[in-house]
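Okay, input.cif is below, mmCIF, C-alpha atoms:
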data_work
#
loop_
_atom_site.label_atom_id
_atom_site.label_comp_id
_atom_site.auth_asym_id
_atom_site.auth_seq_id
_atom_site.Cartn_x
_atom_site.Cartn_y
_atom_site.Cartn_z
CA MET A 1 75.79 113.50 108.72
CA GLN A 2 75.03 113.19 105.03
CA LYS A 3 71.64 112.03 103.82
CA SER A 4 70.63 110.96 100.36
CA GLU A 5 67.51 112.24 98.67
CA ALA A 6 67.46 109.04 96.65
CA ARG A 7 64.78 106.48 97.43
CA PRO A 8 65.89 103.54 99.57
CA HIS A 9 66.06 100.14 97.93
CA ASP A 10 67.87 97.01 99.22
CA HIS A 11 67.37 96.49 102.97
CA GLY A 12 66.41 100.17 103.28
CA LEU A 13 69.74 101.29 101.77
CA PRO A 14 69.86 104.44 99.57
CA THR A 15 70.22 104.11 95.80
CA ALA A 16 73.29 106.40 95.93
CA LEU A 17 75.20 103.31 97.07
CA TYR A 18 75.07 102.08 93.46
CA VAL A 19 77.10 105.11 92.40
CA ILE A 20 79.56 104.71 95.25
CA SER A 21 79.96 101.02 94.40
CA GLY A 22 80.64 102.02 90.78
CA ALA A 23 83.45 104.32 91.88
CA SER A 24 84.97 101.52 93.96
CA PHE A 25 84.74 99.18 90.98
CA ALA A 26 86.58 101.60 88.69
CA ALA A 27 89.39 102.20 91.17
CA ALA A 28 89.82 98.50 91.95
CA LEU A 29 90.30 97.52 88.31
CA SER A 30 93.96 98.53 88.44
CA ALA A 31 94.88 97.40 91.95
CA ARG A 32 96.10 93.92 90.96
CA ALA A 33 96.55 94.62 87.25
CA LEU A 34 100.28 93.83 87.12
CA ASP A 35 100.32 90.80 89.43
CA PRO A 36 99.49 88.17 86.75
CA VAL A 37 101.96 89.66 84.24
CA LEU A 38 104.90 90.31 86.60
CA PRO A 39 107.04 87.49 85.13
CA HIS A 40 106.86 89.19 81.72
CA VAL A 41 107.55 92.65 83.16
CA ALA A 42 110.60 91.23 84.94
CA GLU A 43 111.80 89.58 81.72
CA ASP A 44 111.36 92.73 79.59
CA PHE A 45 113.34 94.91 81.97
CA GLY A 46 115.88 92.26 83.01
CA VAL A 47 115.03 92.28 86.72
CA SER A 48 114.13 89.57 89.21
CA ILE A 49 110.58 88.65 90.21
CA ALA A 50 111.30 90.02 93.70
CA THR A 51 112.32 93.36 92.17
CA ALA A 52 109.27 93.43 89.90
CA ALA A 53 107.10 92.68 92.95
CA GLY A 54 108.20 96.12 94.13
CA PHE A 55 105.46 97.50 91.86
CA ALA A 56 102.89 96.10 94.24
CA ALA A 57 104.83 97.54 97.16
CA VAL A 58 105.19 101.03 95.69
CA PHE A 59 101.52 101.14 94.67
CA ALA A 60 100.51 100.18 98.19
CA PHE A 61 103.05 102.53 99.81
CA THR A 62 101.90 105.52 97.76
CA PHE A 63 98.27 104.64 98.42
CA SER A 64 98.98 104.52 102.14
CA ILE A 65 101.09 107.62 102.67
CA ILE A 66 98.58 109.95 101.04
CA GLN A 67 95.68 108.69 103.17
CA PRO A 68 96.01 111.27 105.97
CA ILE A 69 96.05 113.99 103.28
CA ILE A 70 93.15 112.45 101.34
CA GLY A 71 91.04 112.04 104.47
CA ALA A 72 91.63 115.62 105.56
CA ALA A 73 90.97 116.97 102.04
CA ALA A 74 87.73 115.00 101.83
CA ASP A 75 86.51 116.30 105.18
CA LEU A 76 87.55 119.86 104.28
CA PHE A 77 86.50 120.23 100.65
CA GLY A 78 83.97 117.51 99.88
CA LYS A 79 84.27 113.87 98.93
CA THR A 80 82.72 113.35 95.51
CA ARG A 81 84.83 115.78 93.47
CA LEU A 82 88.00 114.48 95.07
CA MET A 83 86.98 110.91 94.22
CA ILE A 84 86.25 111.70 90.57
CA GLY A 85 89.53 113.59 90.10
CA CYS A 86 91.48 110.69 91.55
CA LEU A 87 89.78 108.27 89.17
CA ALA A 88 90.92 110.41 86.24
CA LEU A 89 94.48 110.49 87.60
CA LEU A 90 94.48 106.69 87.99
CA GLY A 91 93.37 106.17 84.40
CA LEU A 92 96.01 108.57 83.06
CA ALA A 93 98.75 106.90 85.13
CA ASN A 94 97.87 103.49 83.67
CA ILE A 95 97.99 104.82 80.12
CA LEU A 96 101.37 106.48 80.72
CA GLY A 97 102.63 103.23 82.21
CA ALA A 98 101.79 101.40 78.98
CA PHE A 99 104.31 103.60 77.17
CA SER A 100 107.10 103.24 79.74
CA THR A 101 110.56 102.91 78.19
CA SER A 102 112.38 101.87 81.37
CA PHE A 103 111.78 100.19 84.70
CA SER A 104 112.14 103.53 86.52
CA VAL A 105 109.49 105.22 84.34
CA LEU A 106 107.03 102.39 84.93
CA PHE A 107 107.85 102.61 88.63
CA ALA A 108 106.97 106.33 88.59
CA THR A 109 103.62 105.70 86.90
CA ARG A 110 102.73 103.15 89.59
CA ILE A 111 103.35 105.89 92.16
CA LEU A 112 100.82 108.10 90.34
CA ALA A 113 98.41 105.17 90.13
CA GLY A 114 98.72 104.66 93.88
CA ILE A 115 97.83 108.32 94.47
CA GLY A 116 94.81 108.07 92.18
CA SER A 117 93.54 104.86 93.70
CA GLY A 118 94.17 106.17 97.19
CA GLY A 119 91.63 108.93 96.74
CA VAL A 120 88.73 106.66 95.90
CA PHE A 121 88.11 103.70 98.16
CA PRO A 122 88.36 105.23 101.67
CA VAL A 123 86.23 108.17 100.54
CA ALA A 124 83.69 105.71 99.14
CA LEU A 125 83.56 103.97 102.52
CA SER A 126 83.11 107.31 104.27
CA LEU A 127 80.23 108.29 101.98
CA THR A 128 78.65 104.91 102.59
CA SER A 129 78.94 105.35 106.34
CA ASP A 130 77.48 108.87 106.10
CA LEU A 131 74.42 107.57 104.27
CA VAL A 132 73.35 104.88 106.74
CA GLY A 133 73.15 104.36 110.48
CA PRO A 134 75.35 101.95 112.46
CA GLU A 135 72.69 99.24 112.47
CA LYS A 136 72.83 98.93 108.66
CA ARG A 137 76.44 99.95 108.14
CA GLN A 138 78.05 96.51 107.80
CA VAL A 139 75.57 95.48 105.09
CA ALA A 140 75.95 98.87 103.36
CA ILE A 141 79.75 98.64 103.41
CA SER A 142 79.47 95.15 101.96
CA ARG A 143 77.66 96.66 98.95
CA THR A 144 80.52 99.12 98.42
CA LEU A 145 82.95 96.23 98.83
CA ALA A 146 81.03 94.34 96.14
CA GLY A 147 82.01 97.02 93.64
CA ALA A 148 85.64 96.85 94.71
CA MET A 149 85.67 93.05 94.67
CA THR A 150 84.14 92.96 91.18
CA GLY A 151 86.83 95.40 90.04
CA ASN A 152 89.55 93.27 91.61
CA LEU A 153 88.06 90.17 90.02
CA LEU A 154 87.84 91.61 86.52
CA GLY A 155 91.13 93.51 86.87
CA ALA A 156 93.13 90.41 87.80
CA SER A 157 91.41 87.97 85.44
CA ALA A 158 91.23 90.41 82.51
CA SER A 159 94.87 91.45 82.90
CA GLY A 160 95.98 87.84 82.59
CA LEU A 161 93.81 87.33 79.50
CA ILE A 162 94.84 90.63 77.89
CA GLY A 163 98.46 89.92 78.83
CA ASP A 164 98.45 86.69 76.82
CA PHE A 165 97.35 88.61 73.70
CA LEU A 166 98.66 92.18 74.08
CA GLY A 167 101.35 91.87 76.73
CA TRP A 168 101.60 93.82 79.96
CA ARG A 169 101.57 97.14 78.08
CA GLY A 170 98.21 96.26 76.60
CA VAL A 171 96.94 95.49 80.10
CA LEU A 172 97.75 98.99 81.35
CA ALA A 173 96.47 100.73 78.21
CA VAL A 174 93.11 98.95 78.21
CA LEU A 175 92.49 99.31 81.95
CA GLY A 176 93.57 102.96 81.86
CA GLY A 177 91.05 103.74 79.16
CA LEU A 178 88.31 101.94 81.07
CA VAL A 179 89.03 103.91 84.26
CA ILE A 180 88.91 107.23 82.36
CA ILE A 181 85.52 106.28 80.93
CA ALA A 182 84.36 105.18 84.37
CA SER A 183 85.37 108.53 85.93
CA ILE A 184 83.09 110.32 83.46
CA ALA A 185 80.24 107.89 84.12
CA VAL A 186 80.63 108.16 87.89
CA ALA A 187 80.65 111.98 87.69
CA ALA A 188 77.32 111.87 85.90
CA GLY A 189 75.99 109.33 88.39
CA PHE A 190 76.87 111.42 91.43
CA ARG A 191 75.12 114.41 89.90
CA GLY A 192 71.98 112.33 89.57
CA ALA A 193 72.30 110.82 93.02
CA ARG A 194 72.01 114.26 94.68
CA VAL A 195 74.03 113.42 97.76
CA LYS A 196 74.05 116.40 100.08
CA HIS A 197 77.43 117.61 101.33
CA PRO A 198 77.96 118.47 105.00
CA PRO A 199 79.38 121.87 105.98
CA LYS A 200 83.11 122.16 105.34
CA THR A 201 85.28 121.14 108.23
CA SER A 202 87.76 123.61 109.68
CA LEU A 203 91.42 122.83 110.35
CA SER A 204 90.81 123.12 114.09
CA ALA A 205 87.96 120.61 113.77
CA LEU A 206 90.29 118.26 111.90
CA ARG A 207 92.81 118.42 114.74
CA ALA A 208 90.00 117.67 117.16
CA GLY A 209 88.98 114.77 114.91
CA TYR A 210 92.42 113.19 115.15
CA ARG A 211 92.27 113.53 118.94
CA THR A 212 88.83 111.92 118.94
CA ILE A 213 90.04 109.01 116.82
CA PHE A 214 93.07 108.21 118.97
CA THR A 215 91.36 108.59 122.32
CA ASN A 216 89.33 105.53 121.34
CA PRO A 217 91.22 102.32 122.28
CA ASN A 218 89.69 100.60 119.27
CA ALA A 219 91.83 102.75 116.96
CA TYR A 220 95.10 101.14 118.02
CA VAL A 221 93.76 97.59 117.73
CA CYS A 222 91.92 98.20 114.46
CA TYR A 223 94.81 99.94 112.69
CA SER A 224 97.37 97.39 113.88
CA ALA A 225 95.13 94.55 112.74
CA VAL A 226 94.66 95.84 109.20
CA PHE A 227 98.42 96.43 108.90
CA ILE A 228 99.05 92.77 109.75
CA GLU A 229 96.28 91.66 107.36
CA GLY A 230 97.81 93.62 104.52
CA CYS A 231 101.24 92.16 105.21
CA CYS A 232 100.31 88.50 105.70
CA VAL A 233 97.53 88.17 103.10
CA LEU A 234 97.86 90.76 100.33
CA GLY A 235 101.66 90.64 100.49
CA LEU A 236 101.48 87.12 99.06
CA PHE A 237 99.78 88.07 95.78
CA PRO A 238 102.82 89.24 93.74
CA TYR A 239 104.34 85.76 94.18
CA ILE A 240 101.36 83.65 93.13
CA ALA A 241 102.24 83.81 89.41
CA SER A 242 105.81 82.70 90.16
CA PHE A 243 104.48 79.83 92.33
CA LEU A 244 102.44 78.68 89.34
CA PHE A 245 105.45 79.04 87.05
CA GLU A 246 107.33 76.65 89.35
CA LEU A 247 104.55 74.11 88.75
CA GLY A 248 104.96 74.50 84.99
CA GLN A 249 101.81 76.60 84.56
CA THR A 250 103.09 79.63 82.61
CA SER A 251 99.79 80.98 81.24
CA LEU A 252 99.18 84.53 82.46
CA SER A 253 95.44 83.96 82.07
CA ILE A 254 95.61 81.13 84.59
CA ALA A 255 97.59 83.29 87.03
CA GLY A 256 94.96 86.00 86.67
CA LEU A 257 92.14 83.53 87.33
CA VAL A 258 93.83 82.20 90.46
CA ILE A 259 94.43 85.69 91.88
CA ALA A 260 90.87 86.67 90.94
CA GLY A 261 89.62 83.88 93.18
CA PHE A 262 90.27 86.14 96.17
CA ALA A 263 87.83 88.69 94.77
CA VAL A 264 85.26 85.95 94.11
CA GLY A 265 85.50 85.09 97.80
CA GLY A 266 84.97 88.76 98.61
CA LEU A 267 81.84 88.82 96.47
CA PHE A 268 80.59 85.70 98.24
CA TYR A 269 81.08 87.58 101.52
CA THR A 270 78.85 90.42 100.33
CA LEU A 271 76.11 87.87 99.61
CA THR A 272 76.44 86.06 102.95
CA VAL A 273 77.23 88.81 105.46
CA ALA A 274 73.58 89.53 106.28
CA ARG A 275 73.15 85.89 107.39
CA LEU A 276 76.57 85.45 109.01
CA LEU A 277 76.34 88.53 111.25
CA PRO A 278 73.38 87.41 113.40
CA TRP A 279 74.67 83.82 113.44
CA LEU A 280 78.32 84.36 114.39
CA GLY A 281 78.26 87.86 115.86
CA VAL A 282 81.11 90.31 115.35
CA LYS A 283 83.59 88.45 117.56
CA GLY A 284 82.83 85.12 115.94
CA MET A 285 83.21 86.60 112.46
CA MET A 286 86.69 87.89 113.26
CA ILE A 287 87.84 84.54 114.66
CA VAL A 288 86.26 82.43 111.91
CA GLY A 289 87.41 84.77 109.14
CA MET A 290 91.05 84.87 110.24
CA THR A 291 91.10 81.09 110.76
CA LEU A 292 89.75 80.47 107.26
CA VAL A 293 92.51 82.69 105.84
CA ALA A 294 95.16 80.81 107.83
CA SER A 295 93.96 77.41 106.61
CA GLN A 296 94.20 78.49 102.97
CA LEU A 297 97.68 79.98 103.39
CA VAL A 298 98.82 76.56 104.59
CA ALA A 299 97.03 74.88 101.67
CA VAL A 300 98.78 77.14 99.13
CA ALA A 301 102.13 76.36 100.76
CA PHE A 302 101.78 72.73 99.61
CA GLY A 303 101.73 73.89 95.96
CA PRO A 304 98.58 72.16 94.66
CA ARG A 305 97.37 72.35 91.05
CA TRP A 306 96.18 75.73 89.83
CA GLU A 307 92.52 74.67 89.99
CA VAL A 308 92.91 73.87 93.68
CA GLN A 309 94.81 77.09 94.33
CA ALA A 310 91.95 79.03 92.72
CA LEU A 311 89.57 77.41 95.21
CA ASN A 312 92.04 78.19 98.02
CA LEU A 313 92.00 81.86 97.04
CA ILE A 314 88.18 81.91 96.93
CA VAL A 315 87.95 80.58 100.49
CA MET A 316 90.77 82.90 101.56
CA GLY A 317 88.96 85.93 100.14
CA TRP A 318 85.72 84.92 101.84
CA GLY A 319 87.43 84.50 105.21
CA PHE A 320 89.45 87.68 104.80
CA TYR A 321 86.42 89.89 104.22
CA ILE A 322 84.39 88.20 106.95
CA ALA A 323 87.00 89.54 109.38
CA HIS A 324 88.04 92.69 107.52
CA GLY A 325 84.45 93.91 107.16
CA CYS A 326 84.18 93.96 110.96
CA LEU A 327 87.37 96.03 111.21
CA GLN A 328 86.01 98.50 108.65
CA VAL A 329 82.86 99.01 110.71
CA PHE A 330 84.91 99.62 113.86
CA ALA A 331 86.99 102.17 111.91
CA SER A 332 83.84 103.95 110.69
CA GLU A 333 82.70 104.38 114.31
CA LEU A 334 85.89 106.02 115.63
CA SER A 335 84.59 109.50 114.78
CA VAL A 336 81.48 111.10 113.32
CA GLU A 337 82.82 114.51 112.29
CA ALA A 338 86.14 113.14 110.95
CA ARG A 339 84.87 109.87 109.51
CA ALA A 340 86.71 110.27 106.20
CA THR A 341 89.92 110.85 108.14
CA ALA A 342 89.34 107.77 110.32
CA LEU A 343 88.69 105.54 107.30
CA SER A 344 91.64 107.01 105.41
CA LEU A 345 93.88 106.13 108.34
CA HIS A 346 92.39 102.63 108.17
CA SER A 347 93.47 102.44 104.52
CA PHE A 348 96.85 103.96 105.39
CA PHE A 349 97.73 101.15 107.78
CA PHE A 350 96.20 98.48 105.53
CA PHE A 351 98.27 99.54 102.54
CA MET A 352 101.38 100.05 104.62
CA GLY A 353 100.96 96.36 105.42
CA GLN A 354 100.75 95.67 101.69
CA THR A 355 103.94 97.70 101.25
CA VAL A 356 105.86 95.65 103.81
CA GLY A 357 104.22 92.35 102.85
CA PRO A 358 105.86 91.70 99.44
CA LEU A 359 109.25 92.63 100.88
CA ALA A 360 108.75 90.38 103.92
CA TYR A 361 107.55 87.50 101.78
CA GLY A 362 110.50 87.98 99.43
CA PHE A 363 112.91 87.78 102.36
CA GLY A 364 111.16 84.76 103.85
CA LEU A 365 110.93 82.86 100.57
CA GLN A 366 114.60 83.47 99.84
CA HIS A 367 115.98 82.61 103.29
CA ALA A 368 113.45 80.21 104.87
CA GLY A 369 111.54 78.76 101.94
CA LYS A 370 107.93 78.66 100.85
CA MET A 371 106.44 76.33 103.47
CA PRO A 372 107.88 78.00 106.63
CA THR A 373 107.03 81.48 105.35
CA LEU A 374 103.39 80.74 104.57
CA VAL A 375 102.87 78.67 107.72
CA ALA A 376 104.27 81.54 109.83
CA SER A 377 101.82 83.95 108.17
CA ALA A 378 98.98 81.50 108.89
CA GLY A 379 99.89 81.33 112.58
CA ILE A 380 99.94 85.11 112.82
CA MET A 381 96.46 85.34 111.29
CA VAL A 382 94.95 82.87 113.76
CA VAL A 383 96.38 84.79 116.71
CA LEU A 384 95.18 88.07 115.22
CA GLY A 385 91.59 86.83 115.02
CA PHE A 386 91.46 85.97 118.72
CA VAL A 387 93.22 89.20 119.76
CA CYS A 388 90.74 91.34 117.78
CA ALA A 389 87.75 89.44 119.17
CA ARG A 390 89.00 90.03 122.70
CA LEU A 391 90.08 93.67 122.49
CA LEU A 392 87.65 95.35 120.05
CA LYS A 393 84.45 96.55 121.75
CA GLN A 394 81.52 98.71 120.68
CA ARG A 395 82.28 102.26 121.86
CA ALA A 396 80.43 105.44 120.92
CA PRO A 397 82.68 108.09 119.28
CA ALA A 398 83.60 110.95 121.59
CA ASP A 399 82.09 113.42 119.09
CA ALA A 400 78.79 111.53 118.72
CA ARG A 401 75.75 113.64 119.36
CA ALA A 402 73.51 112.38 122.13
#
For this file, produce the structure as structure tokens.
Amino acid sequence: MQKSEARPHDHGLPTALYVISGASFAAALSARALDPVLPHVAEDFGVSIATAAGFAAVFAFTFSIIQPIIGAAADLFGKTRLMIGCLALLGLANILGAFSTSFSVLFATRILAGIGSGGVFPVALSLTSDLVGPEKRQVAISRTLAGAMTGNLLGASASGLIGDFLGWRGVLAVLGGLVIIASIAVAAGFRGARVKHPPKTSLSALRAGYRTIFTNPNAYVCYSAVFIEGCCVLGLFPYIASFLFELGQTSLSIAGLVIAGFAVGGLFYTLTVARLLPWLGVKGMMIVGMTLVASQLVAVAFGPRWEVQALNLIVMGWGFYIAHGCLQVFASELSVEARATALSLHSFFFFMGQTVGPLAYGFGLQHAGKMPTLVASAGIMVVLGFVCARLLKQRAPADARA
């Protein structure tokens, strides 16, 4: 297991977590960059909002399908260099997207962006888990999540603001340049953090790692749960701007602020998790978190003013990460030797859910309407919380050393 030579700081956590959080921040900047400006992208290329929402789906799909490869590569060749290279690829993909001359070219750049983003976050979680023991892992992961949530917050809100002045092309160009700069800064930061690398894993050990992961019953519950989360919660985001347009609110800045509310809720989770965990326990956090998400999905279905929807998204983000943080910890404990692989599979299923989600929402909105579609998603989330609380149990990984 990796250990940091850096001096511990917050709650006994190593200072290297600042660097890992910075990498998560840089990668997350682009994740929701196009959501607030999708109506303008659709108009420029003469496609429907549902078609333009495919950008979110392809980003998530590409992110997900490379996860088994990314996890194996990280366990085989080292995590930090892979992470930095993927940041550079993500920045370049955004800049190329700004110069797209057709819908298909922009679509291709979002595929590259998905690959770049896919190499950062699960590896960051794995490094975080390597640096701390299980007793501090949920708090440590929340610090890494804080970087990602801040990136999501600034990415969504800034893209709406930039979009009002420079258009969607300006959004991609500015964020791409920022990610390139961040990759250089993070490379320097990792050098200073002096995180020791474990011995390289062999291919035979990787195969054994996959067996270890899937002999644990928690794997099936955890991976299924994050797939459903991605579908029912994140799949909604590409349609939020169009919901606001229906209310007469056409400002892209406002759409960005509303979507950014989810990240604000995530940041609030990082500040409250240390108090919530001993109060609610893991099972209680999963039930309460999923129920909070469900209540806000129903609230959004009623189409309140944008200010209210922003508050709905804040509460939704808080509830989502209360539950999702528990699932991330369970995923980190599926294997010791193949932890990057286990967490990459976690991201694979989560982003596969985000791939299916926009398509499922598009079908539901078109054929059933807004209210039935969102209420159905809310019901699924409530059931999911109780199922996870019942079936997920603390189990030592089969490859844990006594």
Q.
Counting only C-alpha atoms, which residue out of A:Phe63, A:Phe320, A:Phe214, A:Phe386 sits closest to Val233 of chain A?
A.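 Using only C-alpha atoms, Val233 of chain A sits closest to A:Phe320.
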Q: Check the smallest atom-to-atom distance from each of A:Leu161, A:Ala294, A:Leu374, A:Ile115 to Val37 of chain A using only C-alpha atoms, then report the winner.
A: A:Leu161
Q: Find the residue from A:Ala310, A:Leu127, A:Ala241, A:Val221 that sits nearest to Val336 of chain A; use all atoms listed in the file when measuring.
A: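 For Val336 of chain A, the nearest of the candidates is A:Leu127.
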(Q) Can you tell me which residues surround Phe348 of chain A at a distance of at most 7 Å, considering all atoms listed in the file, apart from same-chain residues fewer than 6 positions away, and format the answer as a list in words? (A)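 The residues satisfying every condition are Ser64, Ile65 and Gln67 of chain A.
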Q: Please indicate the distance in Å from atom CA of Pro304 of chain A to atom CA of Gly163 of chain A, rounded to one decimal place.
A: 23.8 Å
Just say which residues the PyMOL selection byres ((chain A and resi 45-50) around 8) picks in this file, as a PDB file with C-alpha atoms, in the frame of the given file.
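Result file follows (expr-v8.pdb):
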ATOM      1  CA  LEU A  38     104.900  90.310  86.600  1.00  0.00           C
ATOM      2  CA  PRO A  39     107.040  87.490  85.130  1.00  0.00           C
ATOM      3  CA  VAL A  41     107.550  92.650  83.160  1.00  0.00           C
ATOM      4  CA  ALA A  42     110.600  91.230  84.940  1.00  0.00           C
ATOM      5  CA  GLU A  43     111.800  89.580  81.720  1.00  0.00           C
ATOM      6  CA  ASP A  44     111.360  92.730  79.590  1.00  0.00           C
ATOM      7  CA  THR A  51     112.320  93.360  92.170  1.00  0.00           C
ATOM      8  CA  ALA A  52     109.270  93.430  89.900  1.00  0.00           C
ATOM      9  CA  ALA A  53     107.100  92.680  92.950  1.00  0.00           C
ATOM     10  CA  GLY A  54     108.200  96.120  94.130  1.00  0.00           C
ATOM     11  CA  SER A 102     112.380 101.870  81.370  1.00  0.00           C
ATOM     12  CA  PHE A 103     111.780 100.190  84.700  1.00  0.00           C
ATOM     13  CA  TYR A 239     104.340  85.760  94.180  1.00  0.00           C
ATOM     14  CA  SER A 242     105.810  82.700  90.160  1.00  0.00           C
ATOM     15  CA  LEU A 359     109.250  92.630 100.880  1.00  0.00           C
ATOM     16  CA  GLY A 362     110.500  87.980  99.430  1.00  0.00           C
TER      17      GLY A 362
END
Q | Given the PyMOL selection byres ((chain A and resi 119) around 8), the residues it picks as an NGL selection string | A | :A and (67 or 70 or 82-83 or 86-87 or 115-118 or 120-123)
Q | Picked residues, the PyMOL selection byres ((chain A and resi 169) around 9), as an MDAnalysis selection string | A | chainID A and resid 95 97:100 163 166:168 170:174
Q. Smallest atom-to-atom distance to Tyr361 of chain A: which of A:Ala108, A:Leu277, A:Ala263, A:Ala57, using all atoms listed in the file?
A. A:Ala57
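Rounded to one decimal, atom CA of Ser377 of chain A and atom CA of Trp279 of chain A lie 27.7 Å from each other.
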